$ cat data35.cif   # mmCIF, C-alpha atoms
data_input
#
loop_
_atom_site.label_atom_id
_atom_site.label_comp_id
_atom_site.auth_asym_id
_atom_site.auth_seq_id
_atom_site.Cartn_x
_atom_site.Cartn_y
_atom_site.Cartn_z
CA MET A 165 20.60 -8.25 5.32
CA MET A 166 19.46 -10.39 8.25
CA ASN A 167 22.37 -9.21 10.40
CA CYS A 168 20.85 -5.78 10.71
CA LEU A 169 17.49 -7.24 11.77
CA GLN A 170 18.54 -8.74 15.10
CA THR A 171 17.39 -5.91 17.35
CA TRP A 172 14.95 -3.02 17.27
CA PRO A 173 16.55 0.37 16.54
CA GLU A 174 15.13 1.97 19.71
CA PRO A 175 13.34 0.88 22.89
CA ILE A 176 9.90 -0.65 22.34
CA VAL A 177 6.88 1.13 23.83
CA ARG A 178 3.71 -0.91 24.31
CA VAL A 179 0.78 0.98 22.83
CA GLN A 180 -1.61 -0.65 25.33
CA SER A 181 0.48 0.83 28.17
CA LEU A 182 0.24 4.28 26.57
CA SER A 183 -3.51 3.91 26.24
CA ASP A 184 -3.94 2.64 29.81
CA SER A 185 -1.85 5.52 31.19
CA GLY A 186 -4.73 7.92 30.54
CA ILE A 187 -2.89 10.24 28.14
CA HIS A 188 -5.04 12.79 26.29
CA ALA A 189 -2.60 13.43 23.43
CA ILE A 190 -0.74 10.73 21.53
CA PRO A 191 3.07 10.92 21.23
CA GLU A 192 4.39 12.49 18.03
CA ARG A 193 5.77 9.12 16.85
CA TYR A 194 2.19 7.97 16.19
CA ILE A 195 0.91 11.08 14.40
CA LYS A 196 0.51 10.47 10.68
CA ARG A 197 1.06 13.06 7.98
CA PRO A 198 -2.15 14.99 7.25
CA SER A 199 -2.56 13.24 3.86
CA GLU A 200 -2.41 9.82 5.56
CA ARG A 201 -4.95 10.43 8.30
CA ALA A 202 -8.28 8.66 8.11
CA SER A 203 -10.25 11.81 8.92
CA LEU A 204 -8.95 13.74 5.91
CA VAL A 205 -9.64 11.10 3.26
CA LEU A 206 -12.77 12.14 1.40
CA HIS A 207 -15.49 9.52 1.14
CA SER A 208 -17.94 9.63 -1.69
CA PRO A 209 -21.51 9.17 -0.39
CA ALA A 210 -21.71 5.88 -2.32
CA SER A 211 -18.74 4.38 -0.47
CA GLU A 212 -20.59 4.60 2.84
CA GLU A 213 -23.20 2.13 1.58
CA VAL A 214 -20.78 -0.31 -0.05
CA ASN A 215 -19.47 -3.47 1.57
CA ILE A 216 -17.09 -6.10 0.26
CA PRO A 217 -18.91 -9.13 -1.25
CA VAL A 218 -20.28 -11.80 1.10
CA ILE A 219 -20.09 -15.36 -0.26
CA ASP A 220 -21.98 -18.39 1.11
CA LEU A 221 -19.56 -21.29 0.63
CA GLN A 222 -22.30 -23.83 1.35
CA ASN A 223 -23.72 -23.03 -2.10
CA LEU A 224 -20.71 -24.80 -3.65
CA LEU A 225 -22.06 -28.07 -2.22
CA SER A 226 -25.53 -27.55 -3.73
CA ASN A 227 -27.09 -30.06 -6.14
CA ASP A 228 -28.06 -27.04 -8.24
CA ALA A 229 -25.34 -26.63 -10.88
CA SER A 230 -26.38 -23.05 -11.69
CA LEU A 231 -26.10 -22.05 -8.00
CA ARG A 232 -22.61 -23.59 -7.82
CA GLN A 233 -21.58 -21.72 -10.98
CA THR A 234 -23.09 -18.44 -9.74
CA THR A 235 -21.12 -18.78 -6.50
CA LEU A 236 -17.86 -19.44 -8.38
CA SER A 237 -18.57 -16.36 -10.51
CA LEU A 238 -19.21 -14.21 -7.43
CA ILE A 239 -15.85 -15.30 -6.00
CA SER A 240 -14.14 -14.63 -9.34
CA ASP A 241 -15.65 -11.13 -9.54
CA ALA A 242 -14.63 -10.40 -5.95
CA CYS A 243 -11.03 -11.49 -6.66
CA ARG A 244 -10.81 -9.32 -9.77
CA GLU A 245 -12.65 -6.24 -8.52
CA TRP A 246 -12.00 -6.14 -4.78
CA GLY A 247 -9.22 -8.53 -3.76
CA PHE A 248 -11.38 -9.04 -0.64
CA PHE A 249 -14.55 -10.93 0.23
CA GLN A 250 -16.25 -12.38 3.30
CA VAL A 251 -17.15 -16.06 3.57
CA VAL A 252 -19.97 -17.57 5.65
CA ASN A 253 -20.86 -21.25 6.11
CA HIS A 254 -17.13 -21.91 5.80
CA GLY A 255 -16.99 -25.04 7.95
CA VAL A 256 -15.00 -23.61 10.88
CA SER A 257 -16.78 -23.97 14.24
CA HIS A 258 -18.26 -20.69 15.46
CA HIS A 259 -17.60 -21.86 19.01
CA LEU A 260 -13.90 -22.31 18.21
CA MET A 261 -13.79 -18.83 16.65
CA LYS A 262 -15.39 -17.32 19.76
CA ARG A 263 -12.98 -19.14 22.10
CA MET A 264 -9.97 -17.96 20.06
CA ARG A 265 -11.10 -14.35 20.23
CA GLN A 266 -11.65 -14.65 23.99
CA VAL A 267 -8.31 -16.31 24.76
CA TRP A 268 -6.39 -13.61 22.90
CA HIS A 269 -8.45 -10.85 24.52
CA ASP A 270 -7.45 -12.41 27.84
CA PHE A 271 -3.78 -12.61 26.78
CA PHE A 272 -3.59 -8.90 26.01
CA HIS A 273 -5.15 -8.14 29.40
CA LEU A 274 -2.52 -10.11 31.33
CA PRO A 275 -0.05 -8.04 33.40
CA LEU A 276 2.66 -6.50 31.22
CA GLU A 277 5.43 -8.65 32.75
CA ALA A 278 3.59 -11.85 31.73
CA LYS A 279 3.48 -10.64 28.11
CA GLN A 280 7.04 -9.32 28.10
CA VAL A 281 8.30 -12.90 28.56
CA HIS A 282 7.39 -13.29 24.88
CA ALA A 283 8.82 -9.96 23.61
CA ASN A 284 9.89 -10.33 19.99
CA SER A 285 12.84 -9.20 17.86
CA PRO A 286 12.93 -8.29 14.17
CA SER A 287 14.97 -11.39 13.32
CA THR A 288 11.83 -13.56 13.17
CA TYR A 289 9.06 -11.29 14.54
CA GLU A 290 7.81 -14.24 16.61
CA GLY A 291 6.21 -13.22 19.88
CA TYR A 292 4.77 -10.07 21.44
CA GLY A 293 5.48 -6.98 19.36
CA SER A 294 4.58 -3.34 18.82
CA ARG A 295 6.14 -2.34 15.52
CA LEU A 296 6.78 -3.46 11.95
CA GLY A 297 9.97 -2.33 10.25
CA VAL A 298 13.36 -1.37 11.65
CA GLU A 299 13.80 2.15 10.34
CA LYS A 300 15.01 4.36 13.17
CA GLY A 301 12.65 7.25 13.89
CA ALA A 302 9.85 5.81 11.74
CA ARG A 303 6.26 6.84 12.44
CA LEU A 304 4.53 4.04 14.31
CA ASP A 305 1.07 2.48 14.26
CA TRP A 306 -1.35 2.42 17.21
CA SER A 307 -1.31 -1.33 17.87
CA ASP A 308 0.40 -4.21 19.61
CA TYR A 309 0.40 -7.76 18.26
CA TYR A 310 1.44 -11.37 18.76
CA PHE A 311 3.01 -13.23 15.83
CA LEU A 312 3.60 -16.99 15.67
CA HIS A 313 4.46 -19.68 13.12
CA TYR A 314 2.03 -22.53 12.50
CA LEU A 315 3.55 -24.14 9.39
CA PRO A 316 5.90 -25.59 8.29
CA GLU A 317 6.14 -27.86 11.31
CA SER A 318 9.91 -27.29 11.38
CA LEU A 319 9.20 -23.65 12.36
CA ARG A 320 6.33 -24.43 14.74
CA ASP A 321 7.59 -24.00 18.28
CA GLN A 322 4.83 -24.04 20.88
CA ASN A 323 7.32 -22.74 23.45
CA LYS A 324 7.11 -19.45 21.53
CA TRP A 325 3.31 -19.45 21.86
CA PRO A 326 1.80 -17.94 25.03
CA SER A 327 1.68 -20.32 27.99
CA LEU A 328 -1.04 -18.14 29.50
CA PRO A 329 -4.02 -18.29 29.29
CA THR A 330 -3.55 -22.02 29.87
CA ASP A 331 -5.71 -23.15 26.93
CA CYS A 332 -4.08 -20.75 24.41
CA ARG A 333 -1.64 -23.23 22.83
CA GLU A 334 -4.27 -25.95 22.44
CA LEU A 335 -6.72 -23.50 20.84
CA VAL A 336 -4.13 -22.09 18.44
CA ALA A 337 -3.25 -25.62 17.27
CA GLU A 338 -6.91 -26.52 16.67
CA TYR A 339 -7.70 -23.20 15.00
CA GLY A 340 -4.64 -23.45 12.75
CA GLU A 341 -5.63 -26.94 11.60
CA GLU A 342 -9.15 -25.76 10.67
CA LEU A 343 -7.95 -22.65 8.84
CA VAL A 344 -5.37 -24.58 6.82
CA LYS A 345 -8.24 -26.79 5.58
CA LEU A 346 -10.35 -23.75 4.66
CA CYS A 347 -7.43 -22.12 2.83
CA GLY A 348 -6.90 -25.35 0.86
CA LYS A 349 -10.54 -25.26 -0.30
CA LEU A 350 -10.25 -21.60 -1.30
CA MET A 351 -7.02 -22.23 -3.23
CA LYS A 352 -8.82 -24.85 -5.34
CA ILE A 353 -11.65 -22.39 -6.08
CA LEU A 354 -9.20 -19.64 -7.11
CA SER A 355 -7.27 -22.06 -9.35
CA VAL A 356 -10.43 -23.25 -11.13
CA ASN A 357 -11.61 -19.67 -11.61
CA LEU A 358 -8.27 -18.77 -13.21
CA GLY A 359 -8.71 -21.61 -15.71
CA LEU A 360 -5.88 -23.61 -14.13
CA GLY A 361 -5.98 -27.13 -12.71
CA GLU A 362 -7.61 -27.10 -9.28
CA ASP A 363 -4.30 -27.96 -7.57
CA TYR A 364 -2.20 -25.42 -9.51
CA LEU A 365 -1.96 -22.69 -6.87
CA GLN A 366 -1.47 -25.17 -4.02
CA ASN A 367 1.37 -26.87 -5.89
CA ALA A 368 2.91 -23.50 -6.75
CA PHE A 369 2.92 -22.72 -3.01
CA GLY A 370 4.77 -25.99 -2.30
CA GLY A 371 1.97 -28.57 -2.13
CA GLU A 372 1.61 -29.80 1.44
CA ASP A 373 4.84 -28.04 2.42
CA ILE A 374 3.57 -24.48 2.76
CA GLY A 375 3.88 -21.70 5.32
CA ALA A 376 1.21 -20.45 7.70
CA CYS A 377 1.37 -18.01 10.57
CA LEU A 378 -0.94 -16.10 12.87
CA ARG A 379 -0.80 -12.45 13.80
CA VAL A 380 -3.19 -11.38 16.53
CA ASN A 381 -3.65 -7.60 16.49
CA PHE A 382 -4.63 -5.57 19.53
CA TYR A 383 -5.83 -2.03 18.87
CA PRO A 384 -6.13 -0.15 22.19
CA LYS A 385 -8.44 2.80 22.67
CA CYS A 386 -6.85 5.94 21.28
CA PRO A 387 -7.46 9.48 22.60
CA GLN A 388 -6.88 11.04 19.13
CA PRO A 389 -8.00 8.44 16.57
CA ASP A 390 -8.20 11.01 13.77
CA LEU A 391 -4.41 11.59 13.94
CA THR A 392 -3.17 8.01 13.66
CA LEU A 393 -3.86 4.53 12.27
CA GLY A 394 -3.93 1.10 13.86
CA LEU A 395 -2.12 -0.28 10.82
CA SER A 396 -0.75 1.77 7.94
CA PRO A 397 -1.81 1.09 4.32
CA HIS A 398 -0.25 -2.05 2.85
CA SER A 399 -0.99 -5.12 0.82
CA ASP A 400 -0.14 -8.43 2.48
CA PRO A 401 3.13 -9.91 1.18
CA GLY A 402 2.10 -13.58 1.35
CA GLY A 403 -0.48 -15.75 -0.41
CA MET A 404 -3.87 -15.39 1.23
CA THR A 405 -5.05 -13.97 4.54
CA LEU A 406 -8.08 -15.10 6.55
CA LEU A 407 -9.06 -12.32 8.94
CA HIS A 408 -11.29 -13.02 11.92
CA PRO A 409 -12.35 -9.46 12.81
CA ASP A 410 -14.18 -8.01 15.76
CA ASP A 411 -17.89 -8.39 14.93
CA HIS A 412 -18.82 -5.38 17.04
CA VAL A 413 -16.20 -2.75 16.17
CA SER A 414 -15.35 -1.88 12.57
CA GLY A 415 -11.75 -0.98 11.87
CA LEU A 416 -10.60 -2.50 8.57
CA GLN A 417 -10.70 -0.21 5.54
CA VAL A 418 -10.11 -1.42 1.98
CA ARG A 419 -8.97 0.83 -0.86
CA ARG A 420 -11.52 1.16 -3.64
CA GLY A 421 -10.25 3.58 -6.29
CA ASP A 422 -9.65 6.85 -4.44
CA ASP A 423 -11.90 5.89 -1.52
CA TRP A 424 -11.43 3.84 1.62
CA VAL A 425 -14.37 1.53 2.28
CA THR A 426 -14.94 0.55 5.91
CA VAL A 427 -15.67 -3.18 6.00
CA LYS A 428 -18.79 -4.11 7.95
CA PRO A 429 -18.02 -7.55 9.39
CA VAL A 430 -20.71 -10.22 9.09
CA PRO A 431 -21.01 -12.25 12.33
CA ASN A 432 -18.96 -15.48 12.25
CA ALA A 433 -17.56 -14.71 8.79
CA PHE A 434 -13.92 -14.72 7.73
CA ILE A 435 -12.63 -11.88 5.59
CA VAL A 436 -10.55 -13.36 2.75
CA ASN A 437 -7.79 -11.11 1.52
CA LEU A 438 -5.73 -12.00 -1.56
CA ALA A 439 -2.07 -11.18 -1.04
CA ASP A 440 0.89 -10.30 -3.27
CA GLN A 441 1.98 -13.85 -4.18
CA ILE A 442 -1.43 -14.62 -5.69
CA GLN A 443 -1.25 -11.36 -7.64
CA VAL A 444 2.11 -12.55 -9.01
CA LEU A 445 0.98 -16.13 -9.78
CA SER A 446 -2.19 -14.85 -11.52
CA ASN A 447 -0.11 -12.30 -13.47
CA ALA A 448 -2.29 -9.55 -11.96
CA THR A 449 -5.62 -11.12 -13.00
CA TYR A 450 -6.28 -11.10 -9.26
CA LYS A 451 -5.11 -8.11 -7.24
CA SER A 452 -3.82 -7.82 -3.72
CA VAL A 453 -5.48 -4.67 -2.47
CA GLU A 454 -4.22 -2.00 -0.13
CA HIS A 455 -5.92 -1.89 3.25
CA ARG A 456 -5.43 -0.18 6.58
CA VAL A 457 -6.95 -0.10 10.07
CA ILE A 458 -8.53 2.86 11.84
CA VAL A 459 -8.72 3.12 15.61
CA ASN A 460 -11.38 4.13 18.08
CA SER A 461 -11.48 6.40 21.13
CA VAL A 462 -14.02 4.37 23.10
CA LYS A 463 -13.53 0.73 22.10
CA GLU A 464 -10.50 -1.53 21.83
CA ARG A 465 -10.37 -4.24 19.16
CA VAL A 466 -8.80 -7.65 18.73
CA SER A 467 -8.49 -9.21 15.25
CA LEU A 468 -6.81 -12.44 14.16
CA ALA A 469 -5.02 -12.58 10.80
CA PHE A 470 -4.06 -16.06 9.57
CA PHE A 471 -1.50 -15.87 6.75
CA TYR A 472 -1.35 -18.77 4.26
CA ASN A 473 1.91 -18.48 2.38
CA PRO A 474 4.15 -20.23 -0.14
CA ARG A 475 7.08 -22.22 1.15
CA GLY A 476 9.85 -19.72 1.77
CA ASP A 477 12.43 -21.06 -0.69
CA ILE A 478 10.23 -21.84 -3.71
CA LEU A 479 10.30 -19.50 -6.72
CA ILE A 480 7.01 -17.70 -7.30
CA GLU A 481 6.32 -16.39 -10.81
CA PRO A 482 3.32 -15.88 -13.13
CA ALA A 483 1.62 -19.12 -14.23
CA LYS A 484 2.83 -20.01 -17.73
CA GLU A 485 -0.79 -20.62 -18.81
CA LEU A 486 -1.60 -16.97 -18.03
CA VAL A 487 1.36 -15.52 -19.97
CA THR A 488 0.88 -14.76 -23.67
CA LYS A 489 2.41 -12.48 -26.28
CA ASP A 490 -0.34 -9.95 -25.59
CA CYS A 491 -0.11 -10.43 -21.83
CA PRO A 492 3.58 -10.97 -20.96
CA ALA A 493 4.81 -11.93 -17.49
CA LEU A 494 4.61 -8.83 -15.29
CA TYR A 495 6.83 -10.09 -12.47
CA PRO A 496 10.23 -11.78 -12.16
CA ALA A 497 10.59 -15.07 -10.27
CA MET A 498 11.39 -14.52 -6.59
CA THR A 499 11.18 -16.58 -3.40
CA PHE A 500 8.83 -15.55 -0.62
CA ASN A 501 11.78 -15.42 1.80
CA GLU A 502 13.37 -12.71 -0.38
CA TYR A 503 10.07 -10.92 -0.87
CA ARG A 504 9.04 -10.59 2.76
CA LEU A 505 12.32 -8.98 3.82
CA PHE A 506 10.91 -5.75 2.35
CA ILE A 507 7.98 -5.34 4.79
CA ARG A 508 10.06 -6.67 7.69
CA THR A 509 12.68 -4.00 7.04
CA ARG A 510 10.62 -1.03 5.90
CA GLY A 511 7.26 -1.74 7.51
CA PRO A 512 3.92 -1.30 5.72
CA CYS A 513 4.40 0.73 2.50
CA GLY A 514 1.19 0.60 0.50
CA LYS A 515 1.68 -1.43 -2.68
CA ALA A 516 5.20 -0.14 -3.23
CA GLN A 517 6.85 -3.55 -3.28
CA VAL A 518 4.73 -5.50 -5.75
CA GLU A 519 4.46 -2.43 -8.02
CA SER A 520 8.24 -1.97 -7.99
CA LEU A 521 8.66 -5.53 -9.26
CA LYS A 522 6.36 -4.79 -12.16
CA SER A 523 8.24 -1.67 -13.19
CA SER A 524 11.56 -3.51 -13.14
CA GLN A 525 10.52 -5.78 -15.99
#

$ encode --input "data35.cif" --output "structure tokens"
Amino acid sequence: MMNCLQTWPEPIVRVQSLSDSGIHAIPERYIKRPSERASLVLHSPASEEVNIPVIDLQNLLSNDASLRQTTLSLISDACREWGFFQVVNHGVSHHLMKRMRQVWHDFFHLPLEAKQVHANSPSTYEGYGSRLGVEKGARLDWSDYYFLHYLPESLRDQNKWPSLPTDCRELVAEYGEELVKLCGKLMKILSVNLGLGEDYLQNAFGGEDIGACLRVNFYPKCPQPDLTLGLSPHSDPGGMTLLHPDDHVSGLQVRRGDDWVTVKPVPNAFIVNLADQIQVLSNATYKSVEHRVIVNSVKERVSLAFFYNPRGDILIEPAKELVTKDCPALYPAMTFNEYRLFIRTRGPCGKAQVESLKSSQ
């Protein structure tokens, strides 16, 4: 399979270059089918007023046992009903978050030739990219990105991280360290809420030997935002995603029944997004939820997605404690390395992958 993933099927076009060229109509490759366009999805009036839950993690340190329990319950409800929530008072420096956003904004505004040094290939996706999936002639999303490995250390290669701006590598290393700590705390909370030992999910991921990577998304201004998407609907294939969104420009939409809810980011919050491997481990008690990104004609956006994943070669399957005669295992055991080939080959495809596993049982 990997042999056919060495090169892109056609020349790569940088979406930022298209946007900067002053075009008034987007190329056909980026035009979505009418049923997939953001403008034609009906919103119920109620969905406009809804936001994903916001959780204050500081409450878990309170001396008030009922406040701690209420906070755990709010997280549990969010995992079961939304698959998404925002966290504030999470322990990561707001100054560090601001510097990370700025350094990546500056990276995407470097001259094209400085970014092209890091152009990626579909064999690992590491570096500067503009598409997901290797299907020739596929419809494309209105975004560029930079993808890099943080963990395991055997895959971390700072030579594949941008050398410009000059403080980028140092900031990525510091940011990665802080987010790994935050993910570890959240994994304990999810385990306890599932009725498992607090280290269950972390151990299922490989203990200390887990995977983590960063994808920085750049969504340029788009002259016809109602015809395209910044990122097509998908659920994340890994374990858990911490998204550091643009506080000032909304773009993320989360599926809620038949509606798409536009997430209103809380300043200095992280958006926590449960991904497919936690759906599998929880035997679908927790759901990874489809989401997508809309684009904007007047404002560009930068968002940082930090993916916290199982070790690539460890088998992931429903926790035995959550499997009963009345609630059998919904998913077969599979390694994350096998699992993620799907999105790397086909690109974002809604929830097609995790649902196909279920139906094969």

$ atom_distance --input "data35.cif" --atom1 "CA of Ser181 in chain A" --atom2 "CA of Tyr383 in chain A"
11.6 Å

$ closest_residue --input "data35.cif" --among "A:Cys377, A:Ile480, A:Val466, A:Ala497" --to "Asp410 in chain A" --atoms "only C-alpha atoms"
A:Val466

$ closest_atom_pairs --input "data35.cif" --of "range 269-362 of chain A" --to "range 434-458 of chain A" --cutoff "12 Å" --atoms "all atoms listed in the file" --output "CSV"
residue,atom,partner,partner_atom,distance
A:Asp305,CA,A:Val457,CA,9.4
A:Trp306,CA,A:Ile458,CA,9.0
A:Ser307,CA,A:Val457,CA,9.7
A:Leu343,CA,A:Phe434,CA,10.0
A:Leu346,CA,A:Phe434,CA,10.2
A:Cys347,CA,A:Val436,CA,9.3
A:Leu350,CA,A:Val436,CA,9.2
A:Met351,CA,A:Ile442,CA,9.8
A:Leu354,CA,A:Tyr450,CA,9.3
A:Ser355,CA,A:Ser446,CA,9.1
A:Val356,CA,A:Ser446,CA,11.8
A:Asn357,CA,A:Tyr450,CA,10.4
A:Leu358,CA,A:Ser446,CA,7.4
A:Gly359,CA,A:Ser446,CA,10.3
A:Leu360,CA,A:Ser446,CA,9.9

$ resolve_selection --input "data35.cif" --expression "the PyMOL selection byres ((chain A and resi 302) around 10)" --output "number ranges by chain"
A: 173, 193-194, 295-301, 303-305, 510-511

$ resolve_selection --input "data35.cif" --expression "the PyMOL selection byres ((chain A and resi 459) around 8)" --output "mmCIF file with C-alpha atoms, keeping the file's coordinate frame"
data_model
loop_
_atom_site.group_PDB
_atom_site.id
_atom_site.type_symbol
_atom_site.label_atom_id
_atom_site.label_comp_id
_atom_site.auth_asym_id
_atom_site.auth_seq_id
_atom_site.Cartn_x
_atom_site.Cartn_y
_atom_site.Cartn_z
ATOM 1 C CA TRP A 306 -1.350 2.420 17.210
ATOM 2 C CA TYR A 383 -5.830 -2.030 18.870
ATOM 3 C CA PRO A 384 -6.130 -0.150 22.190
ATOM 4 C CA LYS A 385 -8.440 2.800 22.670
ATOM 5 C CA CYS A 386 -6.850 5.940 21.280
ATOM 6 C CA PRO A 389 -8.000 8.440 16.570
ATOM 7 C CA THR A 392 -3.170 8.010 13.660
ATOM 8 C CA LEU A 393 -3.860 4.530 12.270
ATOM 9 C CA GLY A 394 -3.930 1.100 13.860
ATOM 10 C CA GLY A 415 -11.750 -0.980 11.870
ATOM 11 C CA VAL A 457 -6.950 -0.100 10.070
ATOM 12 C CA ILE A 458 -8.530 2.860 11.840
ATOM 13 C CA ASN A 460 -11.380 4.130 18.080
ATOM 14 C CA SER A 461 -11.480 6.400 21.130
ATOM 15 C CA GLU A 464 -10.500 -1.530 21.830
#

$ residues_around --input "data35.cif" --residues "range 328-338 of chain A" --least-positions-apart "4" --cutoff "10 Å" --atoms "all atoms listed in the file" --output "PyMOL selection string"
chain A and resi 260-261+263-264+266-272+274+278-279+312+314+320+322-324+342-343+378

$ write_last_selection --input "data35.cif" --atoms "C-alpha atoms" --output "PDB file, in the coordinates of the input"
ATOM      1  CA  LEU A 260     -13.900 -22.310  18.210  1.00  0.00           C
ATOM      2  CA  MET A 261     -13.790 -18.830  16.650  1.00  0.00           C
ATOM      3  CA  ARG A 263     -12.980 -19.140  22.100  1.00  0.00           C
ATOM      4  CA  MET A 264      -9.970 -17.960  20.060  1.00  0.00           C
ATOM      5  CA  GLN A 266     -11.650 -14.650  23.990  1.00  0.00           C
ATOM      6  CA  VAL A 267      -8.310 -16.310  24.760  1.00  0.00           C
ATOM      7  CA  TRP A 268      -6.390 -13.610  22.900  1.00  0.00           C
ATOM      8  CA  HIS A 269      -8.450 -10.850  24.520  1.00  0.00           C
ATOM      9  CA  ASP A 270      -7.450 -12.410  27.840  1.00  0.00           C
ATOM     10  CA  PHE A 271      -3.780 -12.610  26.780  1.00  0.00           C
ATOM     11  CA  PHE A 272      -3.590  -8.900  26.010  1.00  0.00           C
ATOM     12  CA  LEU A 274      -2.520 -10.110  31.330  1.00  0.00           C
ATOM     13  CA  ALA A 278       3.590 -11.850  31.730  1.00  0.00           C
ATOM     14  CA  LYS A 279       3.480 -10.640  28.110  1.00  0.00           C
ATOM     15  CA  LEU A 312       3.600 -16.990  15.670  1.00  0.00           C
ATOM     16  CA  TYR A 314       2.030 -22.530  12.500  1.00  0.00           C
ATOM     17  CA  ARG A 320       6.330 -24.430  14.740  1.00  0.00           C
ATOM     18  CA  GLN A 322       4.830 -24.040  20.880  1.00  0.00           C
ATOM     19  CA  ASN A 323       7.320 -22.740  23.450  1.00  0.00           C
ATOM     20  CA  LYS A 324       7.110 -19.450  21.530  1.00  0.00           C
ATOM     21  CA  GLU A 342      -9.150 -25.760  10.670  1.00  0.00           C
ATOM     22  CA  LEU A 343      -7.950 -22.650   8.840  1.00  0.00           C
ATOM     23  CA  LEU A 378      -0.940 -16.100  12.870  1.00  0.00           C
TER      24      LEU A 378
END

$ closest_residue --input "data35.cif" --among "A:Lys262, A:Gly291, A:Gly361, A:Trp172" --to "Asp321 in chain A" --atoms "only C-alpha atoms"
A:Gly291

$ residues_near_point --input "data35.cif" --point "(2.1, 5.5, 5.9)" --cutoff "9 Å" --atoms "all atoms listed in the file" --output "list in words"
Lys196, Arg197, Glu200, Arg201, Arg303, Leu304, Asp305, Leu393, Leu395, Ser396, Pro397, His398, Pro512, Cys513 and Gly514 of chain A

$ closest_residue --input "data35.cif" --among "A:Ile353, A:Leu391, A:Val425, A:Ala376" --to "Arg475 in chain A" --atoms "all atoms listed in the file"
A:Ala376

$ closest_residue --input "data35.cif" --among "A:Ile190, A:Ser183, A:Tyr289, A:Arg419" --to "Glu245 in chain A" --atoms "all atoms listed in the file"
A:Arg419

$ residues_around --input "data35.cif" --residues "Asp411 in chain A" --least-positions-apart "5" --cutoff "10 Å" --atoms "only C-alpha atoms" --output "ChimeraX atom specification"
/A:428-433,465-467

$ closest_residue --input "data35.cif" --among "A:Thr234, A:Asn215, A:Thr426, A:Asn381" --to "Phe470 in chain A" --atoms "all atoms listed in the file"
A:Asn381

$ atom_distance --input "data35.cif" --atom1 "CA of Val380 in chain A" --atom2 "CA of Leu468 in chain A"
4.5 Å

$ closest_residue --input "data35.cif" --among "A:Ala283, A:Ala368, A:Val462, A:Ala242" --to "Asp308 in chain A" --atoms "all atoms listed in the file"
A:Ala283

$ atom_distance --input "data35.cif" --atom1 "CA of Asn227 in chain A" --atom2 "CA of Ser257 in chain A"
23.6 Å

$ resolve_selection --input "data35.cif" --expression "the PyMOL selection byres ((chain A and resi 217) around 7)" --output "mmCIF file with C-alpha atoms, in the coordinates of the input"
data_model
loop_
_atom_site.group_PDB
_atom_site.id
_atom_site.type_symbol
_atom_site.label_atom_id
_atom_site.label_comp_id
_atom_site.auth_asym_id
_atom_site.auth_seq_id
_atom_site.Cartn_x
_atom_site.Cartn_y
_atom_site.Cartn_z
ATOM 1 C CA ASN A 215 -19.470 -3.470 1.570
ATOM 2 C CA ILE A 216 -17.090 -6.100 0.260
ATOM 3 C CA VAL A 218 -20.280 -11.800 1.100
ATOM 4 C CA ILE A 219 -20.090 -15.360 -0.260
ATOM 5 C CA ALA A 242 -14.630 -10.400 -5.950
ATOM 6 C CA PHE A 249 -14.550 -10.930 0.230
ATOM 7 C CA GLN A 250 -16.250 -12.380 3.300
#
